[in-house]
Structure formats: C-alpha cells, structure tokens
Amino acid sequence: MNILKSISSLSKTSTMVISLLLLILILILDYATGKDISVSILYLIPILLISWNIGFLPAILFSLVAAVLKIYTDIWSGLNYTNFLLYVWECSVDFGIFSAFTFSFVKIKSTLKSLEEKNEQLHKVNEVKNEFLGMASHDLKNPLNNIYNFAAMIEENDSLPPKQVTQIAHRIVNISLQMFQLIDSLITSAAMELEELNCKNERVDILLAASSIIQQFSVAAEKKSLKIHLEKNSEKVIADADYDLTLQVLDNLISNAIKFSPPNKNIWIKLLKPAKPQNKVRIEIKDEGPGFSEDDKLKVFNRFSRLSARPTGGESSTGLGLFTVKKLVEAMNGNVFYQSEPGEGALFIVELPMAKL
Ligand SMILES: Nc1ncnc2c1ncn2[C@@H]1O[C@H](COP(=O)(O)OP(=O)(O)O)[C@@H](O)[C@H]1O
Ligand SMILES: [Mg+2]
C-alpha cells in the first residue's frame with residue numbers, strides 16, 4: 001500500500017520519464033539475457049506506473065510500444081523465425097498480456113479510490129451520528145423528562161381541577177412541538193451533510209419571499225414589541241436561486257433577529273438590487289440585539305453552536321440555523337457574512353446571483 005501511495009505522489013511527467021528510463025533498462029536487460037523469459041515480467045513495472053498515475057489510454061499506447069520494442073530486442077539478441085507472421089503473433093501476445101494487466105491495474109486503482117471515498121463517507125456519517133447522539137441525549141432528554149413529569153402529575157393526581165389539567169396539557173403540547181422542531185432541524189442538517197442539496201435554478205422574487213416570512217413572524221415580533229422595517233431600492237429584486245431554500249434562509253435569519261432581540265427594538269430588512277448586472281442581489285437583516293462577542297465570532301456558522309446571546313422569549317435554540325443558512329446560500333452560489341460588535345446588534349448579509357433580465 002505504501003508503494004502504491006509513493007507511486008501516486010509522482011507527477012505525470014516524472015512518471016513518464018521514470019517509465020521510459022525503466023523500459024530502456026529492461027530492454028537492455030532483455031537483450032543481455034537473450035531468450036530468458038523471466039525478464040518479461042519486468043515490463044509490467046513501467047506499465048503499472050503509467051496505468052496508476054496517467055490513465056488507461058496512455059498505458060495501452062505504452063504497452064504497444066513496449067511490445068514492439070521487445071520483439072525488436074529479441075530479434076537482435078538472436079530470435080530467428082522463418083515466417084514474419086510469427087513475429088507479429090509474438091508481439092500481439094505480448095501486447096495482449098500487457099493490455100490485460102493495464103486493464104487490471106486501472107480497475108484496481110478505481111476500486112481502491114471508491115473504497116477510500118466510501119470510507120471517508122462512513123467516517124463522516126459516524127461523526128454526524130455521534131453529534132446527533134450527543135445532541136439527542138442532551139437536548140431531547142430534558143424536554144422528554146418534562147413531558148414525563150407533567151403526564152405523571154395528571155396520572156397521580158385525579159383530583160386536579162380541569163383547568164389545571166388543560167394548562168398542563170398545553171405545556172406538554174408546546175414541549176412536544178419544540179421537540180418536533182428540534183428533530184426536524186437535526187434530520188435536515190444531517191441530510192445536508194451527507195447528500196448533495198437538491199437546489200433548483202429559478203427566478204426568485206426576493207420581495208415576495210421576504211414579505212411572506214415577515215408576515216409569518218409578525219405575531220412573534222409583536223409579542224416582544226419589535227418593529228420590523230422593510231426597505232428596498234427596487235420593486236423587482238429578482239435572484240437566480242431556489243425559492244424554497246431562500247425562504248428557509250430568510251426564515252432562519254429573521255427568526256434569529258426576533259429571537260435574540262430584547263423587547264422594543266427595531267429590525268431592518270433591506271433588499272438591494274445591484275447597480276451592475278454582474279453583481280449580486282443583496283439581502284441585509286440588521287437587529288439591535290446583543291450581537292456577537294469576539295469568542296462567538298469564531299463559531300457563528302458551526303453546527304450546534306449556541307453562542308452568548310440567548311433567546312429573550314423562551315424560544316428553543318438548537319444552534320443549527322446559521323449552519324443551515326451557510327450551506328443553503330452556498331448551494332445557491334451565494335455568500336453569507338455578518339458584521340457585529342458586542343452589544344451593537346448583528347447585521348447579516350446574504351448575496352445571491354441576480355436573475356438575467
Ligand atoms: N441575530 C443574532 N444576534 C445575536 N446572536 C445571534 C444572532 N443570531 C444567532 N445568534 C447566536 O448564534 C447562535 C446560533 O444561531 P442559530 O444557528 O440560528 O441557532 P439557534 O437559533 O437554534 O440558537 C444562537 O444560539 C445565538 O447565540
Ligand atoms: Mg436560529
């Protein structure tokens with residue numbers, strides 16, 4: 001395996017030079033030993049090098065050259081057939097054997113490569129599984145425990161007034177919903193890590209997408225007396241992206257702005273059509289919350305990173321939202337970045353390719 005690794009580390013040019021030098025050496029050895037067939041096996045060494053490092057076609061060509069030179073060398077070292085066709089036959093047999101080996105070497109290499117890729121993928125699956133288990137034991141056990149306690153309260157106490165039973169049931173429903181959300185984001189993020197995202201290319205009306213998300217969060221914002229301002233520099237800010245993924249990105253960023261802002265603050269959402277068509281459509285989401293500390297800044301887009309800001313209204317927090325946002329935006333050939341000073345709020349900027357007119 002180590003020999004194969006060293007072979008793989010050679011560049012194409014050095015492989016070619018080494019193989020040609022080896023071929024000359026083997027031809028000289030073949031000439032010197034006369035009709036000793038044990039030398040024949042040595043021809044496979046340069047063929048292996050080229051099959052491994054350069055590819056099937058160059059290796060086949062090399063095999064042909066080696067087979068022809070081999071028969072010439074045999075003739076010089078005394079091989080004497082009465083019929084010319086016998087030379088052709090011997091050359092063809094050599095070429096056939098060399099080609100069969102070339103094919104096997106290339107096949108072995110591609111099998112090894114796909115095994116390595118599978119191994120890497122398994123490692124990744126294992127990592128995701130471990131993170132999943134860590135998260136599940138930590139974040140699913142607590143709410144499940146609460147559900148258990150509430151249910152046990154009803155079971156053990158049949159004299160509970162109906163109003164209190166309804167209150168407890170309401171809490172159970174809320175906790176279950178949070179658990180559903182958590183499991184859902186865990187599954188999405190695990191799937192995102194393991195599979196290619198299915199990303200469509202369509203004309204996405206950013207104003208429509210942003211308005212629908214703002215509408216969705218209007219009650220949550222009202223509860224905290226947060227004012228959402230929507231600004232735009234054009235009625236038509238159209239990106240070349242995937243509508244559903246864009247909604248998911250906006251959902252995460254706007255819900256964060258609401259989740260981490262203290263009451264009575266402002267949130268600005270700006271949609272900017274670029275001045276030059278080759279530039280990107282820009283979506284800015286700015287809040288007046290706690291922003292990111294210097295420590296936070298190292299982990300903003302990491303998976304499961306719950307940072308110093310905590311939800312101000314008892315919302316659930318998984319630390320998967322921004323990780324998801326980055327993956328989704330990159331899948332749409334866009335960029336996402338942020339600007340923030342501790343205590344000064346956070347500004348998230350998403351850039352997406354602009355749709356052709
Ligand atoms: N707008 C924001 N202002 C301050 N901190 C934020 C903001 N958005 C996210 N964060 C911090 O980053 C962490 C990760 O965010 P996210 O991945 O969306 O997870 P979640 O919303 O589930 O906590 C949050 O837990 C929070 O500490
Ligand atoms: Mg979030």
# chains A, B, ... in the order shown; residues from 1 in each chain; ligands from 1
>>> residues_around(residues="Ala239 of chain A", least_positions_apart="2", cutoff="10 Å", atoms="only C-alpha atoms", output="count of residues only")
23
>>> residues_around(residues="Ser110 of chain A", least_positions_apart="6", cutoff="12 Å", atoms="only C-alpha atoms", output="VMD selection string")
chain A and resid 51 to 53 55 to 56 103 to 104 116 to 117
>>> residues_around(residues="Ser99 of chain A", least_positions_apart="5", cutoff="10 Å", atoms="only C-alpha atoms", output="ChimeraX atom specification")
/A:44,47,56,59-64,93-94,104-105
>>> residues_near_ligand(ligand="ligand 2", cutoff="7 Å", atoms="only C-alpha atoms and all ligand atoms", output="JSON, numbers by chain")
{"A": [252, 253, 255, 256, 317, 319, 320, 321, 322]}
>>> write_last_selection(atoms="N, CA and C atoms", output="mmCIF file, in the first residue's frame")
data_model
loop_
_atom_site.group_PDB
_atom_site.id
_atom_site.type_symbol
_atom_site.label_atom_id
_atom_site.label_comp_id
_atom_site.auth_asym_id
_atom_site.auth_seq_id
_atom_site.Cartn_x
_atom_site.Cartn_y
_atom_site.Cartn_z
ATOM 1 N N ASN A 252 -34.609 31.559 8.895
ATOM 2 C CA ASN A 252 -33.605 31.419 9.957
ATOM 3 C C ASN A 252 -33.065 32.760 10.415
ATOM 4 N N LEU A 253 -32.751 33.650 9.458
ATOM 5 C CA LEU A 253 -32.118 34.920 9.837
ATOM 6 C C LEU A 253 -33.118 35.862 10.517
ATOM 7 N N SER A 255 -35.940 34.929 12.048
ATOM 8 C CA SER A 255 -36.343 34.365 13.346
ATOM 9 C C SER A 255 -35.242 34.603 14.378
ATOM 10 N N ASN A 256 -33.973 34.549 13.971
ATOM 11 C CA ASN A 256 -32.882 34.846 14.911
ATOM 12 C C ASN A 256 -32.960 36.285 15.396
ATOM 13 N N SER A 317 -33.630 26.677 21.094
ATOM 14 C CA SER A 317 -32.385 27.008 20.397
ATOM 15 C C SER A 317 -31.591 25.728 20.176
ATOM 16 N N GLY A 319 -28.853 25.750 17.666
ATOM 17 C CA GLY A 319 -27.541 26.064 17.107
ATOM 18 C C GLY A 319 -27.366 25.462 15.720
ATOM 19 N N LEU A 320 -28.488 25.177 15.037
ATOM 20 C CA LEU A 320 -28.378 24.598 13.692
ATOM 21 C C LEU A 320 -28.745 25.590 12.597
ATOM 22 N N GLY A 321 -29.393 26.701 12.980
ATOM 23 C CA GLY A 321 -29.932 27.635 11.989
ATOM 24 C C GLY A 321 -28.874 28.254 11.094
ATOM 25 N N LEU A 322 -27.839 28.826 11.691
ATOM 26 C CA LEU A 322 -26.839 29.536 10.875
ATOM 27 C C LEU A 322 -25.981 28.556 10.076
#
>>> residues_near_ligand(ligand="ligand 1", cutoff="9 Å", atoms="only C-alpha atoms and all ligand atoms", output="PyMOL selection string")
chain A and resi 182+185+252-261+285-293+296+299-311+315-325+340+342-343+345-348
>>> write_last_selection(atoms="N, CA and C atoms", output="short mmCIF file (atom, residue, chain, number, x, y, z; two decimals), in the first residue's frame")
data_model
loop_
_atom_site.label_atom_id
_atom_site.label_comp_id
_atom_site.auth_asym_id
_atom_site.auth_seq_id
_atom_site.Cartn_x
_atom_site.Cartn_y
_atom_site.Cartn_z
N LEU A 182 -36.90 20.44 16.81
CA LEU A 182 -35.51 20.07 17.02
C LEU A 182 -35.15 18.85 16.17
N SER A 185 -34.90 19.84 12.52
CA SER A 185 -33.66 20.51 12.11
C SER A 185 -32.47 19.56 12.16
N ASN A 252 -34.61 31.56 8.90
CA ASN A 252 -33.61 31.42 9.96
C ASN A 252 -33.06 32.76 10.41
N LEU A 253 -32.75 33.65 9.46
CA LEU A 253 -32.12 34.92 9.84
C LEU A 253 -33.12 35.86 10.52
N ILE A 254 -34.36 35.90 9.99
CA ILE A 254 -35.35 36.81 10.59
C ILE A 254 -35.78 36.25 11.95
N SER A 255 -35.94 34.93 12.05
CA SER A 255 -36.34 34.36 13.35
C SER A 255 -35.24 34.60 14.38
N ASN A 256 -33.97 34.55 13.97
CA ASN A 256 -32.88 34.85 14.91
C ASN A 256 -32.96 36.28 15.40
N ALA A 257 -33.16 37.21 14.44
CA ALA A 257 -33.22 38.63 14.82
C ALA A 257 -34.32 38.83 15.87
N ILE A 258 -35.45 38.14 15.69
CA ILE A 258 -36.56 38.28 16.65
C ILE A 258 -36.22 37.55 17.96
N LYS A 259 -35.65 36.35 17.80
CA LYS A 259 -35.39 35.51 18.98
C LYS A 259 -34.39 36.12 19.96
N PHE A 260 -33.36 36.79 19.40
CA PHE A 260 -32.29 37.26 20.28
C PHE A 260 -32.37 38.76 20.62
N SER A 261 -33.42 39.43 20.10
CA SER A 261 -33.55 40.86 20.41
C SER A 261 -34.33 41.06 21.70
N ILE A 285 -30.10 41.88 6.95
CA ILE A 285 -31.01 41.74 8.10
C ILE A 285 -30.26 42.24 9.34
N LYS A 286 -30.75 43.35 9.87
CA LYS A 286 -29.99 44.01 10.94
C LYS A 286 -30.88 44.10 12.18
N ASP A 287 -30.28 43.80 13.33
CA ASP A 287 -31.07 43.92 14.57
C ASP A 287 -30.33 44.75 15.60
N GLU A 288 -31.01 45.04 16.70
CA GLU A 288 -30.40 45.83 17.79
C GLU A 288 -30.20 44.96 19.03
N GLY A 289 -29.96 43.65 18.79
CA GLY A 289 -29.77 42.71 19.90
C GLY A 289 -28.34 42.76 20.44
N PRO A 290 -27.93 41.68 21.13
CA PRO A 290 -26.62 41.68 21.80
C PRO A 290 -25.42 41.53 20.86
N GLY A 291 -25.67 41.13 19.62
CA GLY A 291 -24.54 40.94 18.69
C GLY A 291 -23.67 39.75 19.09
N PHE A 292 -22.47 39.67 18.49
CA PHE A 292 -21.58 38.53 18.76
C PHE A 292 -20.34 38.98 19.52
N SER A 293 -19.93 38.20 20.53
CA SER A 293 -18.68 38.50 21.23
C SER A 293 -17.52 38.04 20.36
N ASP A 296 -17.57 34.38 20.17
CA ASP A 296 -18.66 33.88 19.32
C ASP A 296 -18.25 33.87 17.85
N LYS A 299 -17.24 30.92 15.89
CA LYS A 299 -18.10 29.73 15.75
C LYS A 299 -19.47 30.02 15.15
N VAL A 300 -19.66 31.23 14.60
CA VAL A 300 -21.00 31.63 14.18
C VAL A 300 -21.69 30.60 13.28
N PHE A 301 -20.96 30.07 12.26
CA PHE A 301 -21.62 29.18 11.31
C PHE A 301 -21.39 27.70 11.62
N ASN A 302 -20.85 27.41 12.81
CA ASN A 302 -20.62 26.00 13.15
C ASN A 302 -21.93 25.30 13.48
N ARG A 303 -21.92 23.98 13.31
CA ARG A 303 -23.11 23.22 13.67
C ARG A 303 -23.22 23.13 15.20
N PHE A 304 -24.40 23.20 15.71
CA PHE A 304 -24.70 23.12 17.15
C PHE A 304 -24.02 24.21 17.97
N SER A 305 -23.83 25.41 17.37
CA SER A 305 -23.15 26.43 18.17
C SER A 305 -24.17 27.41 18.75
N ARG A 306 -24.47 27.21 20.01
CA ARG A 306 -25.32 28.17 20.71
C ARG A 306 -24.37 29.13 21.40
N LEU A 307 -24.48 30.39 21.06
CA LEU A 307 -23.45 31.34 21.50
C LEU A 307 -23.95 32.17 22.67
N SER A 308 -23.27 33.33 22.90
CA SER A 308 -23.61 34.04 24.14
C SER A 308 -25.03 34.59 24.17
N ALA A 309 -25.57 35.00 22.99
CA ALA A 309 -26.95 35.51 23.01
C ALA A 309 -27.91 34.35 23.28
N ARG A 310 -28.82 34.54 24.20
CA ARG A 310 -29.83 33.51 24.49
C ARG A 310 -31.21 34.03 24.09
N PRO A 311 -32.15 33.15 23.75
CA PRO A 311 -33.48 33.62 23.35
C PRO A 311 -34.10 34.49 24.44
N GLU A 315 -37.81 30.97 23.51
CA GLU A 315 -37.84 30.15 22.29
C GLU A 315 -36.81 29.03 22.39
N SER A 316 -36.97 28.00 21.54
CA SER A 316 -35.99 26.91 21.57
C SER A 316 -34.76 27.30 20.76
N SER A 317 -33.63 26.68 21.09
CA SER A 317 -32.39 27.01 20.40
C SER A 317 -31.59 25.73 20.18
N THR A 318 -31.24 25.48 18.92
CA THR A 318 -30.51 24.24 18.61
C THR A 318 -29.08 24.53 18.14
N GLY A 319 -28.85 25.75 17.67
CA GLY A 319 -27.54 26.06 17.11
C GLY A 319 -27.37 25.46 15.72
N LEU A 320 -28.49 25.18 15.04
CA LEU A 320 -28.38 24.60 13.69
C LEU A 320 -28.74 25.59 12.60
N GLY A 321 -29.39 26.70 12.98
CA GLY A 321 -29.93 27.63 11.99
C GLY A 321 -28.87 28.25 11.09
N LEU A 322 -27.84 28.83 11.69
CA LEU A 322 -26.84 29.54 10.88
C LEU A 322 -25.98 28.56 10.08
N PHE A 323 -25.76 27.39 10.64
CA PHE A 323 -25.04 26.33 9.91
C PHE A 323 -25.82 25.99 8.63
N THR A 324 -27.16 25.86 8.81
CA THR A 324 -28.02 25.55 7.67
C THR A 324 -28.00 26.69 6.66
N VAL A 325 -28.08 27.94 7.16
CA VAL A 325 -28.10 29.11 6.27
C VAL A 325 -26.86 29.09 5.37
N SER A 340 -20.68 42.58 13.21
CA SER A 340 -21.25 42.76 14.54
C SER A 340 -20.18 43.17 15.54
N PRO A 342 -19.87 43.50 19.85
CA PRO A 342 -20.62 43.09 21.04
C PRO A 342 -21.51 44.23 21.55
N GLY A 343 -22.77 43.91 21.78
CA GLY A 343 -23.72 44.89 22.31
C GLY A 343 -24.28 45.83 21.27
N GLY A 345 -25.71 44.90 18.24
CA GLY A 345 -26.58 44.26 17.26
C GLY A 345 -25.80 43.47 16.23
N ALA A 346 -26.55 42.79 15.37
CA ALA A 346 -25.88 41.98 14.34
C ALA A 346 -26.47 42.34 12.99
N LEU A 347 -25.59 42.33 11.97
CA LEU A 347 -26.06 42.57 10.60
C LEU A 347 -25.64 41.36 9.78
N PHE A 348 -26.63 40.65 9.22
CA PHE A 348 -26.33 39.52 8.32
C PHE A 348 -26.55 39.95 6.88
#
>>> atom_distance(atom1="atom CA of Glu235 of chain A", atom2="atom CA of Asn264 of chain A")
28.7 Å
>>> select_by_dssp(residues="segment 73-273 of chain A", states="strand (DSSP E or B)", output="ChimeraX atom specification")
/A:202-205,227-232,238-241,266-272
>>> write_last_selection(atoms="C-alpha atoms", output="PDB file, in the first residue's frame")
ATOM      1  CA  GLU A 202     -35.430  29.717 -10.753  1.00  0.00           C
ATOM      2  CA  ARG A 203     -36.360  33.401 -10.707  1.00  0.00           C
ATOM      3  CA  VAL A 204     -36.873  34.221  -7.047  1.00  0.00           C
ATOM      4  CA  ASP A 205     -38.783  37.383  -6.190  1.00  0.00           C
ATOM      5  CA  LYS A 227     -40.702  46.784  14.862  1.00  0.00           C
ATOM      6  CA  ILE A 228     -39.747  45.226  11.519  1.00  0.00           C
ATOM      7  CA  HIS A 229     -38.819  47.734   8.775  1.00  0.00           C
ATOM      8  CA  LEU A 230     -38.663  46.540   5.182  1.00  0.00           C
ATOM      9  CA  GLU A 231     -36.628  48.711   2.790  1.00  0.00           C
ATOM     10  CA  LYS A 232     -35.845  48.138  -0.872  1.00  0.00           C
ATOM     11  CA  ILE A 238     -35.047  39.059  -8.547  1.00  0.00           C
ATOM     12  CA  ALA A 239     -32.404  36.450  -7.767  1.00  0.00           C
ATOM     13  CA  ASP A 240     -31.372  33.390  -9.693  1.00  0.00           C
ATOM     14  CA  ALA A 241     -31.851  30.931  -6.817  1.00  0.00           C
ATOM     15  CA  ASN A 266     -36.029  47.563  15.626  1.00  0.00           C
ATOM     16  CA  ILE A 267     -35.189  45.072  12.916  1.00  0.00           C
ATOM     17  CA  TRP A 268     -34.297  46.321   9.435  1.00  0.00           C
ATOM     18  CA  ILE A 269     -34.585  44.162   6.360  1.00  0.00           C
ATOM     19  CA  LYS A 270     -33.069  45.699   3.239  1.00  0.00           C
ATOM     20  CA  LEU A 271     -33.381  44.228  -0.249  1.00  0.00           C
ATOM     21  CA  LEU A 272     -30.885  45.666  -2.700  1.00  0.00           C
TER      22      LEU A 272
END
>>> closest_residue(among="A:Phe132, A:Met16, A:Ile75, A:Ala191", to="Pro46 of chain A", atoms="only C-alpha atoms")
A:Met16
>>> select_by_dssp(residues="segment 27-84 of chain A", states="helix (DSSP H, G or I)", output="PyMOL selection string")
chain A and resi 27-33+37-53+56-76+84
>>> residues_around(residues="Asn146 of chain A", least_positions_apart="2", cutoff="12 Å", atoms="only C-alpha atoms", output="list of chain:residue names")
A:Asp139, A:Leu140, A:Lys141, A:Asn142, A:Pro143, A:Leu144, A:Tyr148, A:Asn149, A:Phe150, A:Ala151, A:Ala152, A:Met153, A:Ile168, A:Ala169, A:Arg171, A:Ile172, A:Val173, A:Asn174, A:Ile175, A:Ser176, A:Met179
>>> closest_residue(among="A:Pro274, A:Ile54, A:Leu250, A:Ala190", to="Lys12 of chain A", atoms="only C-alpha atoms")
A:Ile54
>>> atom_distance(atom1="atom CA of Ile213 of chain A", atom2="atom CA of Glu344 of chain A")
24.4 Å
>>> decode(residues="segment 142-187 of chain A", atoms="N, CA and C atoms", output="compact mmCIF listing (two decimals), in the first residue's frame")
# COMPACT_ATOMS: atom_id res chain seq x y z
N ASN A 142 -34.04 16.28 28.21
CA ASN A 142 -34.65 17.24 29.14
C ASN A 142 -36.13 17.48 28.86
N PRO A 143 -36.48 17.85 27.60
CA PRO A 143 -37.92 18.06 27.37
C PRO A 143 -38.75 16.80 27.57
N LEU A 144 -38.16 15.65 27.20
CA LEU A 144 -38.91 14.40 27.38
C LEU A 144 -39.17 14.16 28.86
N ASN A 145 -38.18 14.49 29.65
CA ASN A 145 -38.30 14.36 31.09
C ASN A 145 -39.43 15.26 31.61
N ASN A 146 -39.49 16.48 31.04
CA ASN A 146 -40.56 17.40 31.45
C ASN A 146 -41.93 16.85 31.07
N ILE A 147 -42.02 16.30 29.85
CA ILE A 147 -43.30 15.72 29.42
C ILE A 147 -43.70 14.61 30.40
N TYR A 148 -42.71 13.79 30.73
CA TYR A 148 -42.96 12.68 31.66
C TYR A 148 -43.49 13.21 33.00
N ASN A 149 -42.82 14.24 33.53
CA ASN A 149 -43.23 14.78 34.83
C ASN A 149 -44.64 15.34 34.79
N PHE A 150 -44.96 16.08 33.70
CA PHE A 150 -46.30 16.65 33.58
C PHE A 150 -47.36 15.56 33.48
N ALA A 151 -47.06 14.54 32.65
CA ALA A 151 -48.04 13.47 32.46
C ALA A 151 -48.22 12.72 33.79
N ALA A 152 -47.11 12.49 34.50
CA ALA A 152 -47.18 11.78 35.79
C ALA A 152 -48.02 12.57 36.79
N MET A 153 -47.89 13.90 36.71
CA MET A 153 -48.65 14.78 37.61
C MET A 153 -50.15 14.52 37.44
N ILE A 154 -50.59 14.41 36.17
CA ILE A 154 -52.02 14.17 35.89
C ILE A 154 -52.40 12.76 36.36
N GLU A 155 -51.49 11.81 36.05
CA GLU A 155 -51.82 10.42 36.37
C GLU A 155 -51.95 10.20 37.89
N GLU A 156 -51.06 10.82 38.66
CA GLU A 156 -51.02 10.56 40.11
C GLU A 156 -52.05 11.38 40.89
N ASN A 157 -52.62 12.36 40.24
CA ASN A 157 -53.49 13.25 40.98
C ASN A 157 -54.84 13.40 40.28
N ASP A 158 -55.81 12.48 40.61
CA ASP A 158 -57.06 12.56 39.86
C ASP A 158 -57.97 13.68 40.36
N SER A 159 -57.55 14.35 41.43
CA SER A 159 -58.41 15.44 41.91
C SER A 159 -58.01 16.80 41.32
N LEU A 160 -57.10 16.78 40.32
CA LEU A 160 -56.67 18.06 39.70
C LEU A 160 -57.85 18.74 39.02
N PRO A 161 -58.06 20.05 39.26
CA PRO A 161 -59.17 20.73 38.57
C PRO A 161 -58.94 20.72 37.05
N PRO A 162 -60.01 20.59 36.27
CA PRO A 162 -59.88 20.51 34.80
C PRO A 162 -59.06 21.65 34.21
N LYS A 163 -59.15 22.84 34.80
CA LYS A 163 -58.41 23.98 34.25
C LYS A 163 -56.90 23.73 34.32
N GLN A 164 -56.48 23.14 35.45
CA GLN A 164 -55.05 22.87 35.62
C GLN A 164 -54.59 21.77 34.67
N VAL A 165 -55.50 20.78 34.48
CA VAL A 165 -55.17 19.69 33.54
C VAL A 165 -54.96 20.27 32.14
N THR A 166 -55.84 21.21 31.76
CA THR A 166 -55.71 21.83 30.44
C THR A 166 -54.38 22.59 30.33
N GLN A 167 -54.03 23.28 31.40
CA GLN A 167 -52.75 24.04 31.39
C GLN A 167 -51.56 23.09 31.20
N ILE A 168 -51.62 21.98 31.95
CA ILE A 168 -50.52 21.01 31.85
C ILE A 168 -50.48 20.43 30.42
N ALA A 169 -51.67 20.12 29.89
CA ALA A 169 -51.73 19.55 28.53
C ALA A 169 -51.14 20.55 27.53
N HIS A 170 -51.44 21.84 27.75
CA HIS A 170 -50.93 22.89 26.88
C HIS A 170 -49.40 22.91 26.89
N ARG A 171 -48.84 22.76 28.10
CA ARG A 171 -47.37 22.73 28.21
C ARG A 171 -46.79 21.52 27.48
N ILE A 172 -47.48 20.38 27.67
CA ILE A 172 -47.00 19.15 27.00
C ILE A 172 -47.00 19.35 25.49
N VAL A 173 -48.07 19.98 24.99
CA VAL A 173 -48.16 20.22 23.54
C VAL A 173 -47.00 21.11 23.09
N ASN A 174 -46.74 22.17 23.85
CA ASN A 174 -45.66 23.10 23.47
C ASN A 174 -44.30 22.42 23.47
N ILE A 175 -44.04 21.66 24.53
CA ILE A 175 -42.73 20.98 24.60
C ILE A 175 -42.60 19.98 23.44
N SER A 176 -43.72 19.26 23.16
CA SER A 176 -43.65 18.28 22.07
C SER A 176 -43.35 18.97 20.75
N LEU A 177 -44.00 20.14 20.55
CA LEU A 177 -43.77 20.87 19.30
C LEU A 177 -42.30 21.27 19.17
N GLN A 178 -41.73 21.74 20.28
CA GLN A 178 -40.31 22.12 20.26
C GLN A 178 -39.43 20.92 19.91
N MET A 179 -39.83 19.76 20.48
CA MET A 179 -39.04 18.56 20.19
C MET A 179 -39.15 18.18 18.71
N PHE A 180 -40.36 18.34 18.17
CA PHE A 180 -40.54 18.07 16.74
C PHE A 180 -39.62 18.94 15.91
N GLN A 181 -39.61 20.25 16.28
CA GLN A 181 -38.78 21.20 15.53
C GLN A 181 -37.31 20.81 15.60
N LEU A 182 -36.90 20.44 16.81
CA LEU A 182 -35.51 20.07 17.02
C LEU A 182 -35.15 18.85 16.17
N ILE A 183 -36.02 17.84 16.22
CA ILE A 183 -35.74 16.61 15.46
C ILE A 183 -35.71 16.93 13.97
N ASP A 184 -36.63 17.81 13.57
CA ASP A 184 -36.69 18.19 12.17
C ASP A 184 -35.39 18.86 11.71
N SER A 185 -34.90 19.84 12.52
CA SER A 185 -33.66 20.51 12.11
C SER A 185 -32.47 19.56 12.16
N LEU A 186 -32.51 18.64 13.12
CA LEU A 186 -31.41 17.67 13.20
C LEU A 186 -31.38 16.81 11.94
N ILE A 187 -32.55 16.36 11.53
CA ILE A 187 -32.61 15.50 10.35
C ILE A 187 -32.17 16.27 9.11
